[in-house]
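Some notes on the structure that comes next.
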Amino acid sequence: MNKTKNTLLLLLTAFIWGVAFVAQSVGMDYVGPLTFNASRFIIGAIFLIPCIAFLDALKKRDKDTAPSAGPSSSDKKSLLIGGLCCGLIITVASTLQQYGIAYTTVGKAGFITALYIVLVPVFGIFLKKRPRMIIWISVILALAGLYFLCMTDSLSFSKGDTLVLLCAAAFSVHILVIDHFSPKVDGVRMSFIQFLIAGILCGIPALILERPTLSALTAAWAPILYAGILSCGIAYTLQIVAQKNYDPTIASLILSLESVFSVLAGWILLREALSPREFFGCILVFTAIILVQLPERKKAPAGDIISG
């Protein structure tokens with residue numbers, strides 16, 4: 001029952017993230033990219049405050065009644081540094097994505113963004129992690145998929161596709177940074193700090209460059225609240241809860257369905273359609289995403305008898 005519940009929660013998370021691409025596209029009909037990001041990150045940070053209190057209560061209930069030591073100064077330092085680094089990177093990634101969505105379709109943006117799943121193990125080379133052969137096969141498939149999905153008759157990527165591809169690279173770095181800090185700190189608290197930092201970093205230039213008005217923010221209230229509360233606050237918390245004692249490979253596979261949901265949402269809500277060529281590119285990209293998440297085959301120890 002717990003596994004089924006976790007699977008459904010992860011599916012819901014992928015669905016929320018997929019539809020969020022529509023909210024991001026619609027939101028820019030009323031406000032600028034920086035204003036949209038600043039608003040949703042600040043809302044996401046505020047929403048996580050009661051979530052932190054709720055999760056703390058659950059931990060307290062699960063633990064023994066014996067008092068435990070509070071977080072050390074080194075833990076607090078790691079939490080602050082991790083939150084600052086993640087906040088800076090997610091600001092860059094989300095800004096590239098938001099500007100990119102203005103020049104490409106929601107479906108294409110969803111699939112190109114999902115390439116972070118392929119890029120993460122490739123970037124791991126710089127951390128002296130040797131990628132498996134299946135990773136390189138996935139990279140080749142992903143590049144072929146990008147060709148069919150994004151390449152135009154002029155043999156060049158559109159401005160929007162290029163920005164979203166750079167966004168996927170930035171999200172890859174974001175994941176590697178989270179991978180470094182998450183074992184040391186509370187994930188939800190670090191997310192709160194990163195959203196708060198990202199909201200400030202997007203908000204300051206938004207006030208200078210875009211000069212948002214109250215009427216514009218009011219007109220964009222629905223997509224901003226969706227992206228802030230559902231995409232940032234609820235979906236992230238659902239992911240944290242659902243991945244507890246769950247196979248991470250299967251979890252990442254389910255979450256990668258956000259790219260499929262983004263295409264469906266763009267088709268149903270915005271009447272966006274993919275050409276057969278673009279649809280074939282999506283299939284290749286999604287195949288690469290699935291392959292890269294296959295678990296590594298363990299070699300049987302010498303002397304073991306393998307039955308046929």
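Labeling convention for the structure tokens: chains A, B, ... as they appear, residues from 1 per chain, ligands from 1 in order of appearance.
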Just the residues within 9 Å of A:Glu278, please, counting only C-alpha atoms, with nothing from its chain fewer than 6 positions along; format it as a list in words.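 In the requested format, the answer is Lys108, Gly145, Leu146, Tyr147, Phe148, Leu149 and Cys150 of chain A.
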Generate a file of the selected residues that holds C-alpha atoms, formatted as an mmCIF file, in the first residue's frame.
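As written to disk, out.cif reads:
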```cif
data_model
loop_
_atom_site.group_PDB
_atom_site.id
_atom_site.type_symbol
_atom_site.label_atom_id
_atom_site.label_comp_id
_atom_site.auth_asym_id
_atom_site.auth_seq_id
_atom_site.Cartn_x
_atom_site.Cartn_y
_atom_site.Cartn_z
ATOM 1 C CA LYS A 108 9.422 21.311 -26.596
ATOM 2 C CA GLY A 145 16.230 13.796 -30.580
ATOM 3 C CA LEU A 146 17.257 17.431 -30.229
ATOM 4 C CA TYR A 147 18.052 17.537 -33.944
ATOM 5 C CA PHE A 148 14.555 16.411 -34.912
ATOM 6 C CA LEU A 149 12.875 18.411 -32.157
ATOM 7 C CA CYS A 150 14.650 21.743 -32.524
#
```
Select from stretch 99-126 of chain A every residue with an atom at most 10 Å from any atom of stretch 15-36 of chain A, then for each give the shortest pair of atoms and their distance in Å to one decimal, using only C-alpha atoms, rows by chain and rising number, as a Markdown table.
```
| residue | atom | partner | partner_atom | distance |
| --- | --- | --- | --- | --- |
| A:Tyr99 | CA | A:Pro33 | CA | 6.1 |
| A:Gly100 | CA | A:Pro33 | CA | 9.6 |
| A:Ile101 | CA | A:Ser25 | CA | 6.2 |
| A:Ala102 | CA | A:Ser25 | CA | 6.6 |
| A:Tyr103 | CA | A:Ser25 | CA | 9.7 |
| A:Thr104 | CA | A:Ser25 | CA | 9.5 |
| A:Thr105 | CA | A:Ser25 | CA | 8.6 |
| A:Val106 | CA | A:Phe21 | CA | 5.8 |
| A:Gly107 | CA | A:Phe21 | CA | 8.2 |
| A:Ala109 | CA | A:Phe21 | CA | 7.7 |
| A:Gly110 | CA | A:Phe21 | CA | 7.0 |
| A:Phe111 | CA | A:Gly18 | CA | 9.8 |
```
Would you put the residues from that selection into a file with N, CA, C and O atoms, as a PDB file, in the first residue's frame?
```
ATOM      1  N   TYR A  99      12.724  32.798 -20.052  1.00  0.00           N
ATOM      2  CA  TYR A  99      12.929  33.539 -21.299  1.00  0.00           C
ATOM      3  C   TYR A  99      12.789  32.612 -22.503  1.00  0.00           C
ATOM      4  O   TYR A  99      12.270  33.009 -23.550  1.00  0.00           O
ATOM      5  N   GLY A 100      13.267  31.359 -22.357  1.00  0.00           N
ATOM      6  CA  GLY A 100      13.184  30.409 -23.458  1.00  0.00           C
ATOM      7  C   GLY A 100      11.764  30.046 -23.821  1.00  0.00           C
ATOM      8  O   GLY A 100      11.425  29.910 -25.005  1.00  0.00           O
ATOM      9  N   ILE A 101      10.905  29.870 -22.808  1.00  0.00           N
ATOM     10  CA  ILE A 101       9.508  29.496 -23.053  1.00  0.00           C
ATOM     11  C   ILE A 101       8.787  30.564 -23.875  1.00  0.00           C
ATOM     12  O   ILE A 101       7.843  30.261 -24.609  1.00  0.00           O
ATOM     13  N   ALA A 102       9.256  31.809 -23.773  1.00  0.00           N
ATOM     14  CA  ALA A 102       8.627  32.889 -24.535  1.00  0.00           C
ATOM     15  C   ALA A 102       8.851  32.726 -26.037  1.00  0.00           C
ATOM     16  O   ALA A 102       8.119  33.299 -26.843  1.00  0.00           O
ATOM     17  N   TYR A 103       9.855  31.904 -26.442  1.00  0.00           N
ATOM     18  CA  TYR A 103      10.206  31.775 -27.855  1.00  0.00           C
ATOM     19  C   TYR A 103      10.074  30.353 -28.384  1.00  0.00           C
ATOM     20  O   TYR A 103      10.495  30.073 -29.508  1.00  0.00           O
ATOM     21  N   THR A 104       9.513  29.428 -27.584  1.00  0.00           N
ATOM     22  CA  THR A 104       9.317  28.065 -28.054  1.00  0.00           C
ATOM     23  C   THR A 104       8.017  27.535 -27.468  1.00  0.00           C
ATOM     24  O   THR A 104       7.358  28.215 -26.685  1.00  0.00           O
ATOM     25  N   THR A 105       7.645  26.313 -27.848  1.00  0.00           N
ATOM     26  CA  THR A 105       6.390  25.755 -27.359  1.00  0.00           C
ATOM     27  C   THR A 105       6.588  25.117 -25.988  1.00  0.00           C
ATOM     28  O   THR A 105       7.706  24.756 -25.605  1.00  0.00           O
ATOM     29  N   VAL A 106       5.489  24.949 -25.259  1.00  0.00           N
ATOM     30  CA  VAL A 106       5.530  24.339 -23.932  1.00  0.00           C
ATOM     31  C   VAL A 106       6.037  22.900 -24.007  1.00  0.00           C
ATOM     32  O   VAL A 106       6.845  22.469 -23.181  1.00  0.00           O
ATOM     33  N   GLY A 107       5.564  22.154 -25.013  1.00  0.00           N
ATOM     34  CA  GLY A 107       5.970  20.757 -25.142  1.00  0.00           C
ATOM     35  C   GLY A 107       7.452  20.595 -25.381  1.00  0.00           C
ATOM     36  O   GLY A 107       8.121  19.770 -24.747  1.00  0.00           O
ATOM     37  N   ALA A 109       9.793  22.757 -24.687  1.00  0.00           N
ATOM     38  CA  ALA A 109      10.506  23.222 -23.492  1.00  0.00           C
ATOM     39  C   ALA A 109      10.555  22.119 -22.431  1.00  0.00           C
ATOM     40  O   ALA A 109      11.580  21.927 -21.759  1.00  0.00           O
ATOM     41  N   GLY A 110       9.453  21.379 -22.278  1.00  0.00           N
ATOM     42  CA  GLY A 110       9.414  20.309 -21.294  1.00  0.00           C
ATOM     43  C   GLY A 110      10.409  19.206 -21.598  1.00  0.00           C
ATOM     44  O   GLY A 110      11.130  18.731 -20.710  1.00  0.00           O
ATOM     45  N   PHE A 111      10.482  18.792 -22.849  1.00  0.00           N
ATOM     46  CA  PHE A 111      11.399  17.715 -23.220  1.00  0.00           C
ATOM     47  C   PHE A 111      12.853  18.165 -23.171  1.00  0.00           C
ATOM     48  O   PHE A 111      13.733  17.416 -22.744  1.00  0.00           O
TER      49      PHE A 111
END
```
Neighbouring residues of A:Ile175 were defined as those with any atom within 12 Å, considering only C-alpha atoms; residues of the same chain fewer than 2 positions away were excluded. Please report them as a PDB file with C-alpha atoms, in the first residue's frame.
```pdb
ATOM      1  CA  GLY A  82      23.964  24.866   0.240  1.00  0.00           C
ATOM      2  CA  CYS A  85      24.519  27.942  -3.936  1.00  0.00           C
ATOM      3  CA  CYS A  86      21.236  26.283  -4.948  1.00  0.00           C
ATOM      4  CA  GLY A  87      19.441  29.622  -4.898  1.00  0.00           C
ATOM      5  CA  ILE A  89      21.985  28.294  -9.666  1.00  0.00           C
ATOM      6  CA  ILE A  90      18.202  27.906  -9.742  1.00  0.00           C
ATOM      7  CA  ALA A  93      18.314  28.034 -14.626  1.00  0.00           C
ATOM      8  CA  TYR A 116      19.131  17.334 -17.273  1.00  0.00           C
ATOM      9  CA  ILE A 117      18.622  13.637 -16.456  1.00  0.00           C
ATOM     10  CA  VAL A 118      21.031  12.758 -19.284  1.00  0.00           C
ATOM     11  CA  LEU A 119      23.433  15.640 -18.617  1.00  0.00           C
ATOM     12  CA  VAL A 120      23.922  14.971 -14.890  1.00  0.00           C
ATOM     13  CA  PRO A 121      25.999  11.763 -15.316  1.00  0.00           C
ATOM     14  CA  PHE A 123      28.810  16.386 -15.960  1.00  0.00           C
ATOM     15  CA  GLY A 124      29.834  13.864 -13.302  1.00  0.00           C
ATOM     16  CA  ALA A 168      18.826  22.090 -18.715  1.00  0.00           C
ATOM     17  CA  ALA A 169      22.607  22.369 -18.292  1.00  0.00           C
ATOM     18  CA  ALA A 170      22.123  24.745 -15.348  1.00  0.00           C
ATOM     19  CA  PHE A 171      19.589  22.380 -13.732  1.00  0.00           C
ATOM     20  CA  SER A 172      22.170  19.592 -14.102  1.00  0.00           C
ATOM     21  CA  VAL A 173      24.639  21.618 -12.045  1.00  0.00           C
ATOM     22  CA  VAL A 177      25.055  20.671  -5.900  1.00  0.00           C
ATOM     23  CA  ILE A 178      21.978  19.220  -4.173  1.00  0.00           C
ATOM     24  CA  ASP A 179      23.614  15.775  -4.318  1.00  0.00           C
ATOM     25  CA  HIS A 180      26.602  17.232  -2.469  1.00  0.00           C
ATOM     26  CA  PHE A 181      24.694  19.037   0.277  1.00  0.00           C
ATOM     27  CA  SER A 182      21.530  16.941   0.767  1.00  0.00           C
TER      28      SER A 182
END
```
List every residue of stretch 97-308 of chain A that DSSP, applied to the backbone of this structure, assigns to alpha helix (DSSP H), and report them as a count of residues only. 138
Using atom CA of A:Leu294 and atom CA of A:Ser256 as the two end points, give the distance in Å to one decimal.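 Distance between the two atoms: 13.0 Å.
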